[in-house]
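Structure below is query.cif: mmCIF, C-alpha atoms.
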```cif
data_entry
loop_
_atom_site.label_atom_id
_atom_site.label_comp_id
_atom_site.auth_asym_id
_atom_site.auth_seq_id
_atom_site.Cartn_x
_atom_site.Cartn_y
_atom_site.Cartn_z
CA MET A 1 16.52 24.60 8.81
CA ASN A 2 17.13 24.37 12.56
CA GLU A 3 16.11 21.52 14.85
CA ARG A 4 12.79 23.03 15.91
CA GLN A 5 11.73 23.74 12.33
CA LEU A 6 12.65 20.20 11.33
CA HIS A 7 10.64 18.85 14.26
CA ARG A 8 7.60 20.85 13.15
CA TRP A 9 7.86 19.49 9.61
CA VAL A 10 8.10 15.92 10.92
CA GLY A 11 4.58 16.31 12.34
CA TYR A 12 3.28 17.62 9.02
CA VAL A 13 4.88 14.75 7.10
CA LEU A 14 3.51 12.16 9.52
CA THR A 15 -0.02 13.50 9.13
CA LEU A 16 0.26 13.84 5.35
CA VAL A 17 1.57 10.29 4.91
CA ALA A 18 -1.14 8.81 7.14
CA PHE A 19 -3.94 10.58 5.27
CA ALA A 20 -2.37 9.67 1.92
CA LEU A 21 -2.50 6.01 2.93
CA LEU A 22 -6.12 6.48 4.05
CA GLY A 23 -7.01 7.98 0.68
CA LEU A 24 -5.23 5.24 -1.22
CA GLY A 25 -7.03 2.66 0.89
CA LEU A 26 -10.40 4.17 0.02
CA ILE A 27 -9.52 4.11 -3.68
CA ALA A 28 -8.45 0.46 -3.48
CA LEU A 29 -11.54 -0.44 -1.46
CA TYR A 30 -13.81 1.36 -3.92
CA SER A 31 -12.31 -0.70 -6.72
CA ALA A 32 -12.22 -4.02 -4.87
CA ALA A 33 -15.73 -3.57 -3.42
CA GLY A 34 -17.18 -3.09 -6.88
CA ARG A 35 -17.61 -6.84 -7.15
CA PHE A 36 -20.20 -6.74 -4.37
CA VAL A 37 -22.47 -4.27 -6.15
CA GLY A 38 -25.46 -6.15 -7.53
CA ASP A 39 -25.41 -8.85 -4.87
CA LYS A 40 -28.90 -9.48 -3.53
CA ASP A 41 -27.97 -8.27 -0.04
CA SER A 42 -25.88 -5.25 -1.00
CA SER A 43 -26.53 -1.55 -1.22
CA LEU A 44 -24.36 0.90 -3.14
CA LEU A 45 -20.80 0.05 -2.10
CA PRO A 46 -21.65 -0.78 1.53
CA LEU A 47 -18.02 -1.49 2.43
CA VAL A 48 -16.91 1.99 1.36
CA GLU A 49 -19.76 3.58 3.28
CA ARG A 50 -18.87 1.70 6.46
CA GLN A 51 -15.18 2.47 6.01
CA LEU A 52 -15.97 6.18 5.72
CA CYS A 53 -17.94 5.97 8.96
CA TRP A 54 -14.99 4.34 10.73
CA ILE A 55 -12.62 6.94 9.29
CA GLY A 56 -14.85 9.69 10.64
CA LEU A 57 -14.96 8.02 14.07
CA GLY A 58 -11.19 7.46 14.02
CA ILE A 59 -10.43 11.04 13.02
CA ALA A 60 -12.67 12.29 15.83
CA ALA A 61 -10.93 10.02 18.36
CA GLY A 62 -7.51 11.02 17.04
CA ALA A 63 -8.39 14.71 17.20
CA ILE A 64 -9.43 14.33 20.83
CA LEU A 65 -6.19 12.52 21.64
CA THR A 66 -4.14 15.34 20.12
CA ARG A 67 -5.66 17.79 22.62
CA ILE A 68 -5.82 15.78 25.86
CA ASP A 69 -2.41 15.65 27.51
CA TYR A 70 -1.20 12.05 27.20
CA HIS A 71 -0.06 12.18 30.84
CA TRP A 72 -3.74 12.08 31.86
CA PHE A 73 -4.07 8.67 30.24
CA LEU A 74 -0.84 7.53 31.88
CA ASN A 75 -2.34 8.36 35.27
CA HIS A 76 -5.33 6.12 34.45
CA SER A 77 -3.39 3.30 32.77
CA TRP A 78 -4.67 0.59 35.14
CA GLU A 79 -8.27 1.60 34.47
CA LEU A 80 -7.68 1.52 30.72
CA LEU A 81 -6.08 -1.90 31.08
CA GLY A 82 -9.11 -3.14 33.00
CA ILE A 83 -11.48 -1.89 30.30
CA GLY A 84 -9.38 -3.67 27.68
CA LEU A 85 -9.42 -6.89 29.68
CA GLY A 86 -13.19 -6.71 29.97
CA LEU A 87 -13.57 -6.26 26.22
CA LEU A 88 -11.25 -9.19 25.50
CA LEU A 89 -13.20 -11.46 27.84
CA LEU A 90 -16.45 -10.50 26.10
CA CYS A 91 -15.13 -12.36 23.04
CA PHE A 92 -15.78 -15.62 24.92
CA LEU A 93 -19.29 -14.64 26.04
CA PRO A 94 -22.07 -16.39 24.06
CA GLY A 95 -24.34 -13.95 22.31
CA ILE A 96 -21.73 -11.19 22.27
CA GLY A 97 -18.55 -12.96 21.18
CA HIS A 98 -18.29 -13.51 17.45
CA ARG A 99 -16.24 -16.42 16.09
CA VAL A 100 -14.78 -16.24 12.57
CA HIS A 101 -12.36 -18.69 10.91
CA GLY A 102 -11.90 -20.50 14.22
CA SER A 103 -10.87 -17.38 16.16
CA SER A 104 -12.88 -15.77 18.95
CA ARG A 105 -11.59 -12.26 18.45
CA TRP A 106 -14.72 -10.16 17.73
CA ILE A 107 -17.62 -8.85 19.76
CA THR A 108 -20.97 -7.67 18.42
CA LEU A 109 -22.54 -4.61 20.03
CA GLY A 110 -25.71 -3.79 18.15
CA PRO A 111 -24.76 -2.77 14.61
CA LEU A 112 -21.04 -2.62 15.50
CA THR A 113 -18.54 -5.45 15.31
CA LEU A 114 -15.35 -4.69 17.23
CA GLN A 115 -12.04 -6.49 17.59
CA PRO A 116 -10.95 -5.72 21.19
CA SER A 117 -7.37 -6.88 20.60
CA GLU A 118 -6.91 -3.93 18.22
CA LEU A 119 -8.11 -1.34 20.72
CA MET A 120 -6.14 -3.09 23.46
CA LYS A 121 -2.89 -2.25 21.63
CA TRP A 122 -3.29 1.42 22.50
CA SER A 123 -4.13 0.68 26.13
CA LEU A 124 -1.14 -1.65 26.45
CA CYS A 125 1.19 1.03 25.06
CA VAL A 126 -0.18 3.54 27.59
CA PHE A 127 0.28 1.03 30.42
CA ALA A 128 3.87 0.23 29.39
CA ALA A 129 4.71 3.93 29.17
CA ALA A 130 3.23 4.60 32.62
CA GLN A 131 5.25 1.76 34.15
CA LEU A 132 8.57 2.22 32.35
CA GLY A 133 8.71 5.95 31.72
CA GLU A 134 10.03 6.93 35.15
CA ALA A 135 11.69 4.51 37.51
CA ASN A 136 14.40 6.23 39.49
CA SER A 137 15.78 3.37 41.56
CA HIS A 138 17.40 0.26 40.12
CA ARG A 139 15.13 -2.00 42.17
CA LEU A 140 11.98 -0.19 41.07
CA ARG A 141 12.98 -0.45 37.39
CA TRP A 142 13.34 -4.23 37.61
CA ARG A 143 10.03 -4.51 39.41
CA ARG A 144 8.31 -2.55 36.63
CA TYR A 145 10.04 -4.61 33.95
CA ALA A 146 8.46 -7.66 35.56
CA VAL A 147 5.01 -6.04 35.79
CA VAL A 148 4.99 -5.07 32.10
CA LEU A 149 6.23 -8.49 31.04
CA LEU A 150 3.72 -10.41 33.16
CA VAL A 151 0.78 -8.25 32.07
CA THR A 152 1.74 -8.62 28.41
CA LEU A 153 2.12 -12.38 28.78
CA ALA A 154 -1.29 -12.57 30.43
CA PHE A 155 -3.00 -10.72 27.58
CA ALA A 156 -1.05 -12.71 24.98
CA GLY A 157 -2.24 -15.88 26.71
CA ILE A 158 -5.87 -14.75 26.43
CA LEU A 159 -5.34 -14.13 22.72
CA LEU A 160 -3.80 -17.57 22.31
CA LEU A 161 -6.92 -19.06 23.90
CA ALA A 162 -8.95 -17.07 21.37
CA ARG A 163 -6.64 -18.44 18.63
CA ASP A 164 -5.59 -14.94 17.63
CA LEU A 165 -1.94 -15.82 17.18
CA GLY A 166 -1.04 -12.77 15.08
CA SER A 167 -2.16 -10.28 17.74
CA ALA A 168 -0.45 -12.31 20.47
CA ALA A 169 2.81 -12.09 18.53
CA LEU A 170 2.34 -8.32 18.14
CA TYR A 171 1.82 -7.90 21.89
CA LEU A 172 5.00 -9.81 22.68
CA THR A 173 6.95 -7.82 20.08
CA LEU A 174 5.70 -4.63 21.69
CA ALA A 175 6.86 -5.85 25.11
CA MET A 176 10.33 -6.64 23.78
CA VAL A 177 10.74 -3.22 22.16
CA VAL A 178 9.55 -1.13 25.11
CA LEU A 179 11.63 -3.17 27.57
CA ILE A 180 14.74 -2.59 25.46
CA ILE A 181 13.93 1.12 25.21
CA ALA A 182 13.49 1.24 28.98
CA GLY A 183 16.93 -0.26 29.52
CA LEU A 184 16.45 -4.03 29.95
CA PRO A 185 19.66 -5.75 28.76
CA LEU A 186 19.51 -7.43 25.37
CA TRP A 187 20.96 -10.64 26.77
CA LEU A 188 17.75 -11.00 28.79
CA VAL A 189 15.32 -9.89 26.09
CA GLY A 190 16.75 -12.15 23.38
CA PRO A 191 16.17 -15.53 25.06
CA GLY A 192 12.76 -14.37 26.29
CA GLY A 193 11.77 -13.41 22.76
CA LEU A 194 12.89 -16.77 21.40
CA ALA A 195 10.93 -18.57 24.11
CA ALA A 196 7.81 -16.53 23.29
CA ALA A 197 8.20 -17.22 19.56
CA GLY A 198 8.64 -20.92 20.29
CA SER A 199 5.50 -20.95 22.41
CA ILE A 200 3.41 -19.32 19.68
CA LEU A 201 4.83 -21.75 17.13
CA GLY A 202 3.95 -24.66 19.41
CA VAL A 203 0.37 -23.42 19.76
CA ALA A 204 0.14 -22.95 15.99
CA LEU A 205 1.32 -26.50 15.36
CA SER A 206 -1.25 -27.83 17.82
CA ILE A 207 -4.14 -26.26 15.88
CA PRO A 208 -4.88 -28.20 12.65
CA GLU A 209 -5.87 -25.07 10.69
CA ARG A 210 -2.71 -23.15 11.67
CA ARG A 211 -0.50 -26.20 11.19
CA ALA A 212 -1.83 -26.62 7.66
CA ARG A 213 -1.02 -22.97 6.92
CA LEU A 214 2.54 -23.38 8.15
CA LEU A 215 3.08 -26.55 6.14
CA ALA A 216 1.65 -24.83 3.06
CA PHE A 217 4.05 -21.92 3.58
CA TRP A 218 7.05 -24.22 3.64
CA ASN A 219 5.96 -25.91 0.41
CA MET A 220 3.56 -23.60 -1.40
CA GLU A 221 3.97 -25.18 -4.83
CA SER A 222 2.48 -28.45 -3.63
CA ASP A 223 -0.61 -26.79 -2.17
CA LYS A 224 -1.59 -24.14 -4.72
CA GLN A 225 -5.28 -25.03 -4.48
CA GLY A 226 -5.28 -25.47 -0.72
CA LYS A 227 -3.91 -23.38 2.13
CA ALA A 228 -1.43 -21.62 -0.18
CA TYR A 229 -4.19 -20.54 -2.59
CA GLN A 230 -4.47 -16.98 -1.25
CA VAL A 231 -0.75 -16.30 -1.47
CA TRP A 232 -0.50 -17.73 -4.98
CA GLN A 233 -3.40 -15.57 -6.16
CA ALA A 234 -1.77 -12.55 -4.51
CA LEU A 235 1.46 -13.23 -6.37
CA VAL A 236 -0.50 -13.61 -9.62
CA ALA A 237 -2.10 -10.21 -8.97
CA LEU A 238 1.21 -8.51 -8.27
CA GLY A 239 2.82 -10.12 -11.31
CA SER A 240 -0.10 -9.24 -13.59
CA GLY A 241 0.16 -5.57 -12.67
CA GLY A 242 3.75 -5.26 -13.80
CA VAL A 243 5.34 -1.82 -13.58
CA THR A 244 2.42 0.36 -14.64
CA GLY A 245 -0.59 -1.77 -13.65
CA LEU A 246 -3.73 -2.78 -15.52
CA GLY A 247 -5.52 0.44 -14.64
CA LEU A 248 -7.78 1.43 -11.76
CA GLY A 249 -10.80 -0.88 -11.59
CA ASN A 250 -9.34 -3.42 -14.02
CA SER A 251 -8.22 -6.03 -11.50
CA ARG A 252 -9.15 -9.58 -12.45
CA GLN A 253 -8.11 -11.18 -9.16
CA LYS A 254 -10.72 -9.24 -7.19
CA MET A 255 -13.47 -11.08 -9.08
CA TYR A 256 -13.56 -13.85 -6.44
CA TYR A 257 -10.15 -15.27 -7.37
CA LEU A 258 -8.37 -13.62 -4.44
CA PRO A 259 -10.12 -14.11 -1.07
CA GLU A 260 -10.03 -11.24 1.43
CA ALA A 261 -9.30 -8.78 -1.39
CA THR A 262 -10.67 -5.88 0.66
CA THR A 263 -8.97 -6.70 3.96
CA ASP A 264 -5.73 -8.62 4.48
CA PHE A 265 -4.96 -9.00 0.76
CA ILE A 266 -5.80 -5.53 -0.53
CA PHE A 267 -2.14 -4.74 -1.31
CA PRO A 268 -1.99 -7.18 -4.30
CA ILE A 269 -5.06 -5.46 -5.77
CA LEU A 270 -3.18 -2.15 -5.59
CA GLY A 271 -0.23 -3.76 -7.34
CA GLU A 272 -2.38 -5.33 -10.03
CA GLU A 273 -4.27 -2.14 -10.85
CA LEU A 274 -1.70 0.59 -10.22
CA GLY A 275 1.59 -1.23 -10.74
CA LEU A 276 5.01 -1.57 -9.18
CA TRP A 277 5.62 2.15 -8.68
CA VAL A 278 2.57 2.56 -6.47
CA THR A 279 3.40 -0.50 -4.38
CA LEU A 280 6.92 0.80 -3.88
CA GLY A 281 5.42 4.15 -2.94
CA VAL A 282 3.30 2.42 -0.29
CA VAL A 283 6.40 0.76 1.18
CA LEU A 284 8.23 4.11 1.25
CA ALA A 285 5.18 5.71 2.88
CA TYR A 286 5.32 3.20 5.73
CA LEU A 287 9.05 3.81 6.04
CA ALA A 288 8.46 7.57 6.24
CA LEU A 289 5.67 7.07 8.79
CA THR A 290 7.94 4.89 10.93
CA LEU A 291 10.85 7.34 10.77
CA CYS A 292 8.64 10.33 11.59
CA GLY A 293 6.98 8.50 14.46
CA GLY A 294 10.39 7.40 15.77
CA TRP A 295 11.68 10.99 15.59
CA ILE A 296 8.67 12.25 17.56
CA ALA A 297 9.22 9.57 20.21
CA LEU A 298 12.94 10.33 20.51
CA PHE A 299 12.20 14.03 20.98
CA ALA A 300 9.38 13.43 23.46
CA PRO A 301 9.40 15.68 26.53
CA ASP A 302 9.95 12.76 28.92
CA GLY A 303 10.55 9.04 29.22
CA GLU A 304 6.85 8.24 29.22
CA GLY A 305 6.43 9.92 25.85
CA LEU A 306 9.44 8.04 24.52
CA VAL A 307 8.08 4.63 25.51
CA LEU A 308 4.53 5.45 24.41
CA GLY A 309 5.59 6.81 21.03
CA MET A 310 7.99 3.96 20.31
CA GLY A 311 5.36 1.40 21.28
CA LEU A 312 2.74 2.86 18.94
CA VAL A 313 5.19 3.19 16.04
CA THR A 314 6.39 -0.38 16.59
CA LEU A 315 2.87 -1.81 16.40
CA ILE A 316 2.06 0.01 13.15
CA ALA A 317 5.41 -0.77 11.53
CA VAL A 318 5.49 -4.45 12.53
CA GLN A 319 1.91 -4.96 11.35
CA ALA A 320 2.71 -3.35 7.99
CA ILE A 321 5.81 -5.52 7.60
CA ALA A 322 3.86 -8.65 8.54
CA ASN A 323 1.06 -7.94 6.06
CA LEU A 324 3.45 -7.14 3.20
CA GLY A 325 5.48 -10.24 4.06
CA VAL A 326 2.38 -12.46 3.94
CA VAL A 327 1.02 -11.20 0.61
CA THR A 328 4.44 -11.54 -1.05
CA GLY A 329 4.99 -15.08 0.27
CA LEU A 330 7.81 -14.15 2.65
CA LEU A 331 5.87 -14.94 5.84
CA PRO A 332 3.15 -17.43 6.81
CA ASN A 333 -0.42 -16.16 6.64
CA LYS A 334 -1.20 -14.40 9.95
CA GLY A 335 -4.46 -12.61 9.16
CA LEU A 336 -3.17 -9.09 9.92
CA PRO A 337 -4.63 -6.09 8.04
CA LEU A 338 -2.53 -3.42 6.31
CA PRO A 339 -2.58 -0.28 8.53
CA PHE A 340 -4.62 2.68 7.22
CA ILE A 341 -5.45 0.80 3.98
CA SER A 342 -7.28 -2.47 4.69
CA TYR A 343 -11.02 -2.51 5.27
CA GLY A 344 -11.83 -2.94 8.93
CA GLY A 345 -12.99 -0.56 11.61
CA SER A 346 -11.13 -1.71 14.73
CA ASN A 347 -7.65 -1.60 13.22
CA LEU A 348 -8.38 1.69 11.49
CA LEU A 349 -9.60 3.17 14.77
CA PHE A 350 -6.40 2.05 16.52
CA CYS A 351 -4.19 3.52 13.77
CA LEU A 352 -5.90 6.91 13.94
CA MET A 353 -5.78 6.87 17.76
CA ALA A 354 -2.06 6.13 17.52
CA LEU A 355 -1.65 9.01 15.05
CA GLY A 356 -3.46 11.40 17.41
CA THR A 357 -1.33 10.28 20.36
CA LEU A 358 1.90 10.74 18.38
CA LEU A 359 0.82 14.25 17.41
CA ASN A 360 0.10 14.96 21.08
CA ILE A 361 3.65 13.88 21.97
CA HIS A 362 4.94 15.92 19.02
CA ARG A 363 3.11 19.04 20.23
CA GLN A 364 4.75 18.81 23.66
CA GLY A 365 8.19 17.71 22.50
CA GLY A 366 10.94 19.03 20.26
CA ARG A 367 13.21 20.43 22.98
CA GLY A 368 15.81 17.68 22.86
CA SER A 369 15.87 13.90 22.86
CA ALA A 370 14.39 11.98 25.77
CA PHE A 371 16.31 8.87 24.73
CA SER A 372 18.38 7.33 27.47
CA VAL A 373 20.60 4.27 27.68
CA GLU A 374 22.14 2.24 30.47
CA SER A 375 25.87 2.70 30.95
CA HIS A 376 27.44 0.59 33.73
CA GLY A 377 24.17 0.60 35.63
CA ALA A 378 23.71 4.38 35.54
CA GLN A 379 21.20 6.15 33.34
CA ARG A 380 22.59 8.87 31.13
CA SER A 381 20.89 11.14 28.61
CA VAL A 382 21.82 11.19 24.95
CA ARG A 383 20.91 14.39 23.13
CA LEU A 384 20.58 14.19 19.35
#
```
Let me see the file written as structure tokens.
Amino acid sequence: MNERQLHRWVGYVLTLVAFALLGLGLIALYSAAGRFVGDKDSSLLPLVERQLCWIGLGIAAGAILTRIDYHWFLNHSWELLGIGLGLLLLCFLPGIGHRVHGSSRWITLGPLTLQPSELMKWSLCVFAAAQLGEANSHRLRWRRYAVVLLVTLAFAGILLLARDLGSAALYLTLAMVVLIIAGLPLWLVGPGGLAAAGSILGVALSIPERRARLLAFWNMESDKQGKAYQVWQALVALGSGGVTGLGLGNSRQKMYYLPEATTDFIFPILGEELGLWVTLGVVLAYLALTLCGGWIALFAPDGEGLVLGMGLVTLIAVQAIANLGVVTGLLPNKGLPLPFISYGGSNLLFCLMALGTLLNIHRQGGRGSAFSVESHGAQRSVRL
């Protein structure tokens, strides 16, 4: 198999893995949502019906993004950024902004409830790619580094005001990755990343709800019925499933023992019903998706495609790692959904838009790696 054939198969594998995760998510949601059937305000599996609608919308958006040259979006990156800013600010507008669990991160538009920070991820990736993809002079590169960093910090600050700490951390992680890819020295990125992490930690400690979560994480055994309750119930679910699982539909934790069983904590339900092998398969699926997306970005036709692809892959991979870390007790609870699997329209729409954009880059690439590194101040190409 030559390089071009391998590149073609990478696109097939990426698509297959993404749709496999979508299918598994629908199965898990169908099982977990069964507890809502019979409630006085429920129709037949309303969560599954809404998820199918979002999947249809996401597939349509992704299909469009596979056909429109991504360079068109790069040329309109400032406009896309402005639209994203407007949507984020609507979260603070009474009557439109929707506050849940102390966070102002949703907007209500008729029958739709959107989370602008999710859609903003795609716009921010496009903006970073437009700024960092081509900068011929040394002075211009540093100016664009500063623009990307300042814009990301501004949006992260808005999210901190909305108390959406998880999304703010994702934005800053994205900025660090794309700046490194674009050639910013690690000795500058490292301290900046530590300062950003310290700032988010400081904000978290200043909010009683977030501070309680952090304290519960450090000593979960002493707070099993409090802020650590979700994680303990998730661990019970994963342990109850064992290697082979209790069988599809036989979860006990979904019967109101495990909160958010259809959204952030859907992975333990998979483990309880389908067992260790399926959960390991999910982890390997995310690994395959990350590797395929990284390959597509490395073999993008230009620097813009490299930065855009790496940014999108980073957001999906980091969010998956964060969710799996939370539900297994390795990370504090951040409220981040599991990509392609958790119930929730905004994140699902972003994931499918990212998939469509990666396939667009894949369709135009494959003629050699666009990856470049800095060597003694001069940019040189590395062909894989």
Residues picked by the PyMOL selection byres ((chain A and resi 78-80) around 12) here, as a JSON list (two decimals) with C-alpha atoms, in the frame of the given file?
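To be explicit, this is the file written out as selection-v4.json:
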```json
[["chain", "number", "residue", "atom", "x", "y", "z"],
["A", 72, "TRP", "CA", -3.74, 12.08, 31.86],
["A", 73, "PHE", "CA", -4.07, 8.67, 30.24],
["A", 74, "LEU", "CA", -0.84, 7.53, 31.88],
["A", 75, "ASN", "CA", -2.34, 8.36, 35.27],
["A", 76, "HIS", "CA", -5.33, 6.12, 34.45],
["A", 77, "SER", "CA", -3.39, 3.30, 32.77],
["A", 81, "LEU", "CA", -6.08, -1.90, 31.08],
["A", 82, "GLY", "CA", -9.11, -3.14, 33.00],
["A", 83, "ILE", "CA", -11.48, -1.89, 30.30],
["A", 84, "GLY", "CA", -9.38, -3.67, 27.68],
["A", 85, "LEU", "CA", -9.42, -6.89, 29.68],
["A", 86, "GLY", "CA", -13.19, -6.71, 29.97],
["A", 87, "LEU", "CA", -13.57, -6.26, 26.22],
["A", 119, "LEU", "CA", -8.11, -1.34, 20.72],
["A", 120, "MET", "CA", -6.14, -3.09, 23.46],
["A", 121, "LYS", "CA", -2.89, -2.25, 21.63],
["A", 122, "TRP", "CA", -3.29, 1.42, 22.50],
["A", 123, "SER", "CA", -4.13, 0.68, 26.13],
["A", 124, "LEU", "CA", -1.14, -1.65, 26.45],
["A", 125, "CYS", "CA", 1.19, 1.03, 25.06],
["A", 126, "VAL", "CA", -0.18, 3.54, 27.59],
["A", 127, "PHE", "CA", 0.28, 1.03, 30.42],
["A", 128, "ALA", "CA", 3.87, 0.23, 29.39],
["A", 129, "ALA", "CA", 4.71, 3.93, 29.17],
["A", 130, "ALA", "CA", 3.23, 4.60, 32.62],
["A", 131, "GLN", "CA", 5.25, 1.76, 34.15],
["A", 147, "VAL", "CA", 5.01, -6.04, 35.79],
["A", 148, "VAL", "CA", 4.99, -5.07, 32.10],
["A", 151, "VAL", "CA", 0.78, -8.25, 32.07]]
```
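Across the structure, atom CA of A:Met220 and atom CA of A:Ala197 are spaced 22.4 Å apart.
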List the residues selected by the PyMOL selection byres ((chain A and resi 297) around 9) in the file shown, writing them as an MDAnalysis selection string.
chainID A and resid 292:296 298:301 305:310 313 358 361:362 365 369:371
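Near (-12.5, -18.2, 17.3), the residues that fall inside 12 Å on the basis of all atoms listed in the file are Cys91, Phe92, Leu93, Pro94, Gly97, His98, Arg99, Val100, His101, Gly102, Ser103, Ser104, Arg105, Trp106, Ile107, Gln115, Ile158, Leu159, Leu160, Leu161, Ala162, Arg163, Asp164, Leu165, Ile207 and Glu209 of chain A.
The spacing separating atom CA of A:Gly25 from atom CA of A:Val327 amounts to 16.0 Å.
We find atom CA of A:Tyr12 and atom CA of A:Ile27 to be spaced 22.5 Å apart.
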Residue IDs satisfying the PyMOL selection byres ((chain A and resi 230) around 10), as an NGL selection string:
:A and (224-229 or 231-236 or 257-261 or 265 or 326-327 or 329 or 333)
Looking at A:Leu170, A:Leu89, A:Ala60, A:Leu238, which one is nearest to A:Thr328, with distances taken over all atoms listed in the file?
A:Leu238
Any chance you could model N, CA, C and O atoms for stretch 151-163 of chain A and send them as a JSON list (two decimals), in the coordinates of the input?
```json
[["chain", "number", "residue", "atom", "x", "y", "z"],
["A", 151, "VAL", "N", 2.06, -8.71, 32.61],
["A", 151, "VAL", "CA", 0.78, -8.25, 32.07],
["A", 151, "VAL", "C", 0.68, -8.58, 30.58],
["A", 151, "VAL", "O", -0.36, -9.07, 30.10],
["A", 152, "THR", "N", 1.76, -8.33, 29.85],
["A", 152, "THR", "CA", 1.74, -8.62, 28.41],
["A", 152, "THR", "C", 1.56, -10.12, 28.16],
["A", 152, "THR", "O", 0.80, -10.52, 27.27],
["A", 153, "LEU", "N", 2.26, -10.93, 28.93],
["A", 153, "LEU", "CA", 2.12, -12.38, 28.78],
["A", 153, "LEU", "C", 0.70, -12.83, 29.09],
["A", 153, "LEU", "O", 0.16, -13.73, 28.42],
["A", 154, "ALA", "N", 0.08, -12.20, 30.08],
["A", 154, "ALA", "CA", -1.29, -12.57, 30.43],
["A", 154, "ALA", "C", -2.25, -12.26, 29.28],
["A", 154, "ALA", "O", -3.09, -13.09, 28.91],
["A", 155, "PHE", "N", -2.12, -11.08, 28.69],
["A", 155, "PHE", "CA", -3.00, -10.72, 27.58],
["A", 155, "PHE", "C", -2.69, -11.56, 26.35],
["A", 155, "PHE", "O", -3.60, -11.94, 25.61],
["A", 156, "ALA", "N", -1.41, -11.84, 26.11],
["A", 156, "ALA", "CA", -1.05, -12.71, 24.98],
["A", 156, "ALA", "C", -1.64, -14.10, 25.18],
["A", 156, "ALA", "O", -2.09, -14.75, 24.22],
["A", 157, "GLY", "N", -1.65, -14.58, 26.43],
["A", 157, "GLY", "CA", -2.24, -15.88, 26.71],
["A", 157, "GLY", "C", -3.73, -15.91, 26.41],
["A", 157, "GLY", "O", -4.25, -16.90, 25.88],
["A", 158, "ILE", "N", -4.44, -14.83, 26.74],
["A", 158, "ILE", "CA", -5.87, -14.75, 26.43],
["A", 158, "ILE", "C", -6.08, -14.81, 24.92],
["A", 158, "ILE", "O", -6.98, -15.50, 24.41],
["A", 159, "LEU", "N", -5.21, -14.12, 24.18],
["A", 159, "LEU", "CA", -5.34, -14.13, 22.72],
["A", 159, "LEU", "C", -5.03, -15.51, 22.14],
["A", 159, "LEU", "O", -5.62, -15.92, 21.14],
["A", 160, "LEU", "N", -4.09, -16.22, 22.76],
["A", 160, "LEU", "CA", -3.80, -17.57, 22.31],
["A", 160, "LEU", "C", -5.01, -18.47, 22.54],
["A", 160, "LEU", "O", -5.32, -19.35, 21.71],
["A", 161, "LEU", "N", -5.70, -18.29, 23.65],
["A", 161, "LEU", "CA", -6.92, -19.06, 23.90],
["A", 161, "LEU", "C", -7.99, -18.73, 22.85],
["A", 161, "LEU", "O", -8.78, -19.61, 22.46],
["A", 162, "ALA", "N", -8.01, -17.47, 22.40],
["A", 162, "ALA", "CA", -8.95, -17.07, 21.37],
["A", 162, "ALA", "C", -8.46, -17.44, 19.97],
["A", 162, "ALA", "O", -9.14, -17.16, 18.98],
["A", 163, "ARG", "N", -7.27, -18.03, 19.90],
["A", 163, "ARG", "CA", -6.64, -18.44, 18.63],
["A", 163, "ARG", "C", -6.35, -17.24, 17.73],
["A", 163, "ARG", "O", -6.40, -17.34, 16.50]]
```
